[in-house]
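Here the structure comes first, spelled out in structure tokens, and everything after it is commentary.
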Amino acid sequence: MAHDFLQPLTGSFAQPAAENPTVVMIEAAYRQLGLNWRYLNCEVAPEALGNAVRGARAMGWRGFNCSIPHKVAVIAHLDGLGASAEIIGAVNTVVRRGDTLIGENTDGQGFVQALREQVDPAGRSVLVFGAGGAARAVCVELALAGARRIEVVNRGEARGRELAELLNQRTAATALYSPWRPQHAIPAGTDIVVNATSIGLYPDVDATLDLDLDSLDASMIVADGIHNPPLTHLLRAARQRGCRTADGLGMLVNQGVIGVRHWTGLTPDAAVMRQALLDLGL
Ligand code: NDP
């Protein structure tokens with residue numbers, strides 16, 4: 001009987017790497033698809049990134065994720081970028097195509113895919129809190145998905161203005177920056193509200209956005225990028241006011257679905273991946 005002991009390799013390069021749960025959902029996806037593939041969490045220091053990518057090339061890795069602090073630095077070691085990764089200026093998923101390594105950014109795509117279970121962003125007016133890496137990816141993909149207007153609200157003005165400018169220059173959406181005011185009120189006419197800051201992330205689960213919760217209207221969709229815990233203060237308050245919600249676990253799972261599809265050509269079952277994360281107690 002012939003055996004094949006060569007497992008196709010994928011994984012993640014990050015520092016720190018130990019607490020990244022992506023491995024659990026991706027390996028659950030491989031099992032569900034009946035693939036004998038592996039996903040390895042690798043602790044890679046910034047000065048070792050070039051060698052890590054060369055190693056992945058030498059060993060024929062099918063692809064890998066990049067997390068903090070490599071999402072921008074990895075670009076110098078790749079052969080090309082996907083369209084939205086080029087606009088965002090950051091890569092979280094590297095895909096081997098033939099002999100080349102191409103950088104994609106699935107963070108915002110995962111967000112939009114999860115959001116679509118509640119609403120199609122095309123033609124909508126969106127308010128996004130945050131202007132960091134996650135906000136950048138989310139805003140670019142919302143714009144590419146046809147969002148009409150994107151209001152960026154950020155604590156730091158320079159970063160907020162830079163993101164609004166990027167959207168105006170590189171996408172068809174109309175974007176503006178608004179300073180984050182105390183008890184910030186969501187303007188009437190906003191269709192979708194997004195928390196793309198790190199506020200509410202474990203272990204600071206009691207931290208809340210400085211937001212006038214009574215300005216949330218039941219017609220609004222409220223989305224949070226925080227995946228741990230999935231039910232944040234913001235989402236709980238939004239649900240109490242009758243809003244439909246999309247959680248950060250959906251964003252995480254869907255960016256994993258898109259990554260697995262890039263690497264294997266197959267679409268895994270998102271519910272299986274979500275359950276694998278929930279089984280961790282997230
Ligand atoms: P960055 O450090 O790049 O950006 C952090 C953002 O949060 C900035 O806009 C920052 O504002 C804002 N912020 C942080 N603390 C405060 C505060 N106390 N008050 C007001 N604003 C604050 O991080 P990322 O963009 O990479 O990540 C943001 C979050 O998104 C993380 O919690 C991460 O877990 C989550 N994420 C989730 C993913 C998922 O799949 N669910 C994928 C990727 C990220 P300022 O510019 O003023 O500093």
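Here, A, B, ... name the chains of the structure tokens in the order displayed, residue numbers run from 1 inside each chain, and ligands are numbered from 1 in the same displayed order.
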Requested in this report: Please identify the residues whose atoms come within 9 Å of ligand 1, using only C-alpha atoms and all ligand atoms, and report them as JSON, numbers by chain.
Outcome: {"A": [67, 68, 106, 107, 108, 110, 111, 129, 130, 131, 132, 133, 134, 135, 136, 137, 153, 154, 155, 156, 157, 158, 159, 160, 180, 195, 196, 197, 198, 199, 200, 201, 202, 207, 208, 209, 210, 224, 225, 226, 227, 228, 230, 247, 248, 249, 250, 251, 252, 253, 254, 255, 256]}
Query raised in the report: Which of range 13-168 of chain A counts as alpha helix (DSSP H) under DSSP, as a PyMOL selection string please?
Result: chain A and resi 22-33+49-58+83-88+107-115+133-144+157-168
Query raised in the report: What's the 10 Å shell around Glu165 in chain A, counting only C-alpha atoms, without same-chain residues fewer than 3 positions away, as a PyMOL selection string?
Result: chain A and resi 159-162+168-171+174-177
**Report entry** CA of Ile26 in chain A to CA of Tyr39 in chain A, distance in Å rounded to a single decimal
**Finding:**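 Computing the Euclidean distance for CA of Ile26 in chain A and CA of Tyr39 in chain A yields 6.9 Å.
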Report task. Quick one: pick out all strand (DSSP E or B) residues within range 3-142 of chain A from a backbone DSSP run and write them as a VMD selection string. Result -> chain A and resid 9 to 14 38 to 43 63 to 66 80 to 81 93 to 97 100 to 104 125 to 129
For the selection just defined, write its residues with N, CA and C atoms to a file, as an mmCIF file, in the first residue's frame.
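To be explicit, this is the file written out as again.cif:
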data_model
loop_
_atom_site.group_PDB
_atom_site.id
_atom_site.type_symbol
_atom_site.label_atom_id
_atom_site.label_comp_id
_atom_site.auth_asym_id
_atom_site.auth_seq_id
_atom_site.Cartn_x
_atom_site.Cartn_y
_atom_site.Cartn_z
ATOM 1 N N LEU A 9 2.238 22.300 4.051
ATOM 2 C CA LEU A 9 2.404 23.155 5.228
ATOM 3 C C LEU A 9 1.870 24.558 5.007
ATOM 4 N N THR A 10 1.203 25.058 6.052
ATOM 5 C CA THR A 10 0.797 26.458 6.148
ATOM 6 C C THR A 10 1.055 26.863 7.599
ATOM 7 N N GLY A 11 0.854 28.128 7.928
ATOM 8 C CA GLY A 11 1.062 28.514 9.317
ATOM 9 C C GLY A 11 0.984 30.004 9.509
ATOM 10 N N SER A 12 1.561 30.454 10.600
ATOM 11 C CA SER A 12 1.513 31.877 10.935
ATOM 12 C C SER A 12 2.870 32.320 11.458
ATOM 13 N N PHE A 13 3.314 33.493 11.002
ATOM 14 C CA PHE A 13 4.539 34.104 11.523
ATOM 15 C C PHE A 13 4.123 35.303 12.362
ATOM 16 N N ALA A 14 4.495 35.309 13.627
ATOM 17 C CA ALA A 14 4.102 36.409 14.514
ATOM 18 C C ALA A 14 5.028 36.445 15.715
ATOM 19 N N ARG A 38 -1.196 20.827 7.423
ATOM 20 C CA ARG A 38 -0.854 21.331 8.752
ATOM 21 C C ARG A 38 -0.804 22.852 8.762
ATOM 22 N N TYR A 39 -1.071 23.425 9.945
ATOM 23 C CA TYR A 39 -0.945 24.875 10.167
ATOM 24 C C TYR A 39 -0.111 25.042 11.426
ATOM 25 N N LEU A 40 1.046 25.693 11.297
ATOM 26 C CA LEU A 40 1.986 25.795 12.413
ATOM 27 C C LEU A 40 2.120 27.241 12.881
ATOM 28 N N ASN A 41 1.926 27.470 14.168
ATOM 29 C CA ASN A 41 2.195 28.792 14.744
ATOM 30 C C ASN A 41 3.697 28.935 14.937
ATOM 31 N N CYS A 42 4.306 29.945 14.298
ATOM 32 C CA CYS A 42 5.762 30.113 14.402
ATOM 33 C C CYS A 42 6.088 31.455 15.051
ATOM 34 N N GLU A 43 6.931 31.402 16.068
ATOM 35 C CA GLU A 43 7.409 32.628 16.723
ATOM 36 C C GLU A 43 8.550 33.177 15.871
ATOM 37 N N GLY A 63 1.390 28.533 1.936
ATOM 38 C CA GLY A 63 1.045 29.899 2.298
ATOM 39 C C GLY A 63 1.147 30.070 3.799
ATOM 40 N N PHE A 64 0.992 31.310 4.245
ATOM 41 C CA PHE A 64 1.046 31.557 5.691
ATOM 42 C C PHE A 64 0.381 32.880 6.018
ATOM 43 N N ASN A 65 -0.052 32.981 7.253
ATOM 44 C CA ASN A 65 -0.568 34.251 7.775
ATOM 45 C C ASN A 65 0.568 35.037 8.391
ATOM 46 N N CYS A 66 0.436 36.369 8.345
ATOM 47 C CA CYS A 66 1.348 37.244 9.067
ATOM 48 C C CYS A 66 0.542 38.022 10.068
ATOM 49 N N GLY A 80 4.453 39.938 -5.052
ATOM 50 C CA GLY A 80 3.352 40.761 -5.544
ATOM 51 C C GLY A 80 2.261 40.857 -4.498
ATOM 52 N N LEU A 81 1.286 41.738 -4.775
ATOM 53 C CA LEU A 81 0.190 41.961 -3.827
ATOM 54 C C LEU A 81 -1.149 41.843 -4.535
ATOM 55 N N THR A 93 -2.203 37.503 4.794
ATOM 56 C CA THR A 93 -2.244 36.155 4.218
ATOM 57 C C THR A 93 -1.348 36.100 2.994
ATOM 58 N N VAL A 94 -0.388 35.189 3.002
ATOM 59 C CA VAL A 94 0.503 35.017 1.851
ATOM 60 C C VAL A 94 0.123 33.713 1.159
ATOM 61 N N VAL A 95 0.004 33.781 -0.166
ATOM 62 C CA VAL A 95 -0.476 32.648 -0.952
ATOM 63 C C VAL A 95 0.591 32.272 -1.978
ATOM 64 N N ARG A 96 0.925 30.989 -2.047
ATOM 65 C CA ARG A 96 1.869 30.570 -3.088
ATOM 66 C C ARG A 96 1.111 30.334 -4.385
ATOM 67 N N ARG A 97 1.473 31.091 -5.412
ATOM 68 C CA ARG A 97 0.876 30.869 -6.741
ATOM 69 C C ARG A 97 2.025 30.509 -7.682
ATOM 70 N N THR A 100 5.600 31.896 -7.063
ATOM 71 C CA THR A 100 5.591 33.226 -6.459
ATOM 72 C C THR A 100 4.802 33.219 -5.150
ATOM 73 N N LEU A 101 5.163 34.174 -4.288
ATOM 74 C CA LEU A 101 4.404 34.394 -3.051
ATOM 75 C C LEU A 101 3.681 35.730 -3.175
ATOM 76 N N ILE A 102 2.353 35.683 -3.088
ATOM 77 C CA ILE A 102 1.528 36.878 -3.273
ATOM 78 C C ILE A 102 0.863 37.226 -1.937
ATOM 79 N N GLY A 103 0.894 38.513 -1.599
ATOM 80 C CA GLY A 103 0.308 38.972 -0.334
ATOM 81 C C GLY A 103 -1.131 39.419 -0.510
ATOM 82 N N GLU A 104 -1.995 38.889 0.333
ATOM 83 C CA GLU A 104 -3.404 39.294 0.330
ATOM 84 C C GLU A 104 -3.736 39.845 1.714
ATOM 85 N N SER A 125 -24.260 54.058 4.416
ATOM 86 C CA SER A 125 -23.455 55.049 5.128
ATOM 87 C C SER A 125 -22.916 54.389 6.398
ATOM 88 N N VAL A 126 -21.596 54.424 6.565
ATOM 89 C CA VAL A 126 -20.952 53.668 7.642
ATOM 90 C C VAL A 126 -20.153 54.609 8.532
ATOM 91 N N LEU A 127 -20.207 54.377 9.834
ATOM 92 C CA LEU A 127 -19.336 55.091 10.767
ATOM 93 C C LEU A 127 -18.404 54.065 11.403
ATOM 94 N N VAL A 128 -17.094 54.308 11.287
ATOM 95 C CA VAL A 128 -16.094 53.367 11.808
ATOM 96 C C VAL A 128 -15.290 54.043 12.910
ATOM 97 N N PHE A 129 -15.280 53.447 14.103
ATOM 98 C CA PHE A 129 -14.392 53.908 15.169
ATOM 99 C C PHE A 129 -13.054 53.209 14.981
#
Query - Interatomic distance, CA of Ala237 in chain A to CA of Leu282 in chain A (Å, one decimal) - result: 19.6 Å
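Checking A:Val205, A:Ala56, A:Val119, A:Val112 one by one against Ala143 in chain A, counting only C-alpha atoms, you find the shortest gap at A:Val112.
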Query raised in the report: Quick one: distance from CA of Thr245 in chain A to CA of Ala223 in chain A in Å, one decimal?
Result: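 That distance, rounded to one decimal, is 5.5 Å.
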Query raised in the report: Do you know which residues are at most 9 Å from Leu277 in chain A counting only C-alpha atoms, after dropping those on the same chain fewer than 2 positions away, and could you put them as a list in words?
Result: Pro21, Thr22, Val24, Met25, Leu249, Val253, Val272, Met273, Arg274, Gln275, Asp279, Leu280, Gly281 and Leu282 of chain A
Written file, previous selection with C-alpha atoms, as a compact mmCIF listing (two decimals), in the first residue's frame:
# COMPACT_ATOMS: atom_id res chain seq x y z
CA PRO A 21 -6.01 30.79 18.15
CA THR A 22 -6.10 30.79 14.34
CA VAL A 24 -7.29 25.78 15.99
CA MET A 25 -9.88 26.94 13.47
CA LEU A 249 -15.60 36.06 15.81
CA VAL A 253 -13.72 32.92 11.05
CA VAL A 272 -17.15 24.11 12.09
CA MET A 273 -14.38 26.71 12.41
CA ARG A 274 -16.46 28.96 14.66
CA GLN A 275 -17.31 26.01 16.90
CA ASP A 279 -14.73 25.19 22.24
CA LEU A 280 -11.63 27.08 23.43
CA GLY A 281 -13.93 29.11 25.70
CA LEU A 282 -13.66 32.34 23.70
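When only C-alpha atoms are used to compute distances to Ala172 in chain A, the closest of the residues A:Leu213, A:Arg241, A:Thr190, A:Ala122 turns out to be A:Ala122.
Taking only C-alpha atoms into account, Gln118 in chain A lies nearest to A:Ile192 out of the set A:Leu231, A:Met1, A:Ile192, A:Leu167.
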